[in-house]
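The next block holds one structure in the form of structure tokens; read it before the comments.
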Amino acid sequence: MSTPDLTWMLPGDPFPPLSRAWGPDSDAPGLLAAGGALDVETLSDAYARGIFPWFNETQPTLWWSPDPRMVLATEEFKIHDSLKKTLRRFQHEAGCEIRMNSDFAGVIRQCAQAPRQGQNGTWIVPAMVDAYIDFHHAGYAHSVETWIDGDMVAGLYFVAMGRAVYGESMFTKVRDGSKIALSALIAHCRAHEVPQLDCQQVTAHLSRLGARPVQRAQFLATMQAARAQTPVHWEFSADSWKYLQQAH
């Protein structure tokens, strides 16, 4: 493995061009830069460029833009038979509901306690929690929450600009709880003609749900067009569930 030079940023510095991101033969494919700030302005500039932060408590702030990029086209979301049954039951049982943005801070804090599959510890360090709560208050970060009998049992959070949606993390306390939240997000995205969901990293779990790697240039072109469209109103309606049954 090779270790290319890494761009170090001070707060307020511009991001380097994506061509500087480490390649597939490096120790950290997709790593672009280190340092900088986690304020709203920097985060919004990063997402607009296809860049996201990801680091642990022993590391500086690290910025990534992998190529290829894992993407879930909303029309390609796979709902397996067991999940179909779960969704039908959830939609018809009293006390079951989907909420958006009713407890963003609670969602990201729960996600911080749940490591990504195959990883030790969490990448959602306290600095990230604080930064994304600020990002939420600025109107960029949102949550989808699964509620049962007045308790939030699962959820996920994401970033949205126009109709460009960037998935971040999810948690669940019950079986299939986070899949219910993701299904609700996909239904809402289909209802508002959101073309794809950024999944950042390639994983087998995401592949089973229909995500696939695409070239970074293709990902950026689709997201650039989506960002220019009218922003989505992130308030879930039960009517959106029907979009999961429609053929695309």
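Every chain in the structure tokens has a letter given in the order shown (A, B, ...), and although residue numbers restart at 1 in each chain, ligands are simply numbered from 1 in the order shown.
Residues in contact range of range 146-157 of chain A, defined as at most 8 Å between only C-alpha atoms, with sequence neighbours fewer than 3 positions away removed, read Ala94, Gly95, Cys96, Glu97, Ile98, Arg99, Phe104, Val107, Ile108, Cys111, Ala141, His142, Ser143, Gly167, Glu168, Ser169, Met170, Phe171, Thr172, Lys173, Val174, Gly177, Ser178, Ile180, Ala181 and Leu182 of chain A.
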Discussion item. Given only C-alpha atoms as the basis, pick out the residue of A:Ile124, A:Leu87, A:Val40, A:Ser19 nearest to Gln110 in chain A.
Written reply: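 Of the candidates, the smallest distance to Gln110 in chain A is held by A:Ile124.
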Worksheet item: Between A:His192, A:His137, A:Arg109, A:Arg20, which has the minimum distance to Pro66 in chain A (counting only C-alpha atoms)?
Response: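 Nearest to Pro66 in chain A: A:Arg20.
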Discussion item. Applying 8 Å and only C-alpha atoms, which residues near Ala211 in chain A remain after dropping the ones on its own chain fewer than 6 positions away? List them as number ranges by chain.
Written reply: A: 70-73, 76-77, 199
Response to the item:
Residue with the minimum atom-to-atom distance to Arg163 in chain A, picked from A:Thr222, A:Ala112, A:Ile133, A:His205 with only C-alpha atoms counted, is A:Thr222
Item to complete: Please run DSSP on the backbone and report, as a PyMOL selection string, all residues within range 48-178 of chain A that come out as strand (DSSP E).
Response: chain A and resi 52-53+62-64+69-73+96-100+141-148+151-161+164-172
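Across range 24-66 of chain A, DSSP run on the backbone finds helix (DSSP H, G or I) at Val40, Glu41, Thr42, Leu43, Ser44, Asp45, Ala46, Tyr47 and Ala48 of chain A.
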Worksheet item: Near Gln215 in chain A, within 9 Å and counting only C-alpha atoms, which residues show up once chain neighbours fewer than 5 positions away are dropped, as a PyMOL selection string?
Response: chain A and resi 67-70+220
Worksheet entry | Counting only C-alpha atoms, the option among A:Pro195, A:Gly12, A:Pro126, A:Pro53 closest to Gly30 in chain A |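 Among the listed residues, the smallest separation from Gly30 in chain A belongs to A:Pro53.
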Worksheet entry | Non-local contacts of Asp134 in chain A (12 Å; only C-alpha atoms; under 3 positions in same chain excluded) as a PyMOL selection string | chain A and resi 38-44+104-105+108+127-131+137-142
Using only N, CA and C atoms, please write the residues we just selected to a file, as a CSV table (one decimal), in the first residue's frame.
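Result file is result35.csv:
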chain,number,residue,atom,x,y,z
A,38,LEU,N,-15.5,22.1,11.6
A,38,LEU,CA,-16.8,21.4,11.4
A,38,LEU,C,-18.0,22.3,11.6
A,39,ASP,N,-17.8,23.6,11.2
A,39,ASP,CA,-18.9,24.5,11.3
A,39,ASP,C,-19.9,24.3,10.1
A,40,VAL,N,-21.0,25.0,10.2
A,40,VAL,CA,-22.0,24.9,9.2
A,40,VAL,C,-21.5,25.2,7.8
A,41,GLU,N,-20.8,26.3,7.7
A,41,GLU,CA,-20.3,26.8,6.4
A,41,GLU,C,-19.4,25.7,5.7
A,42,THR,N,-18.5,25.1,6.5
A,42,THR,CA,-17.5,24.1,6.0
A,42,THR,C,-18.3,22.9,5.6
A,43,LEU,N,-19.2,22.4,6.5
A,43,LEU,CA,-20.0,21.2,6.2
A,43,LEU,C,-20.8,21.4,4.9
A,44,SER,N,-21.5,22.5,4.8
A,44,SER,CA,-22.3,22.7,3.6
A,44,SER,C,-21.5,22.8,2.3
A,104,PHE,N,-34.1,15.2,16.5
A,104,PHE,CA,-32.8,14.9,15.8
A,104,PHE,C,-31.7,14.7,16.7
A,105,ALA,N,-31.6,15.5,17.8
A,105,ALA,CA,-30.5,15.3,18.7
A,105,ALA,C,-30.5,13.9,19.3
A,108,ILE,N,-29.2,11.3,16.6
A,108,ILE,CA,-27.7,11.2,16.4
A,108,ILE,C,-27.0,10.7,17.6
A,127,ALA,N,-17.6,15.9,18.9
A,127,ALA,CA,-17.5,17.0,18.0
A,127,ALA,C,-18.5,16.9,16.8
A,128,MET,N,-18.6,15.7,16.3
A,128,MET,CA,-19.5,15.4,15.2
A,128,MET,C,-21.0,15.6,15.7
A,129,VAL,N,-21.3,15.1,16.8
A,129,VAL,CA,-22.7,15.3,17.3
A,129,VAL,C,-23.0,16.8,17.4
A,130,ASP,N,-22.2,17.5,18.0
A,130,ASP,CA,-22.4,19.0,18.2
A,130,ASP,C,-22.5,19.7,16.8
A,131,ALA,N,-21.6,19.3,15.9
A,131,ALA,CA,-21.6,19.9,14.6
A,131,ALA,C,-22.9,19.6,13.8
A,137,HIS,N,-30.0,22.6,12.9
A,137,HIS,CA,-30.7,23.9,13.2
A,137,HIS,C,-30.6,24.8,12.0
A,138,ALA,N,-29.5,24.6,11.2
A,138,ALA,CA,-29.3,25.5,10.0
A,138,ALA,C,-30.2,25.0,8.8
A,139,GLY,N,-30.9,23.8,9.0
A,139,GLY,CA,-31.8,23.3,7.9
A,139,GLY,C,-31.2,22.3,7.0
A,140,TYR,N,-30.0,21.8,7.2
A,140,TYR,CA,-29.4,20.9,6.3
A,140,TYR,C,-29.5,19.4,6.8
A,141,ALA,N,-29.5,19.2,8.0
A,141,ALA,CA,-29.5,17.8,8.5
A,141,ALA,C,-30.9,17.5,9.1
A,142,HIS,N,-31.3,16.2,8.9
A,142,HIS,CA,-32.7,15.8,9.2
A,142,HIS,C,-32.7,14.4,9.8
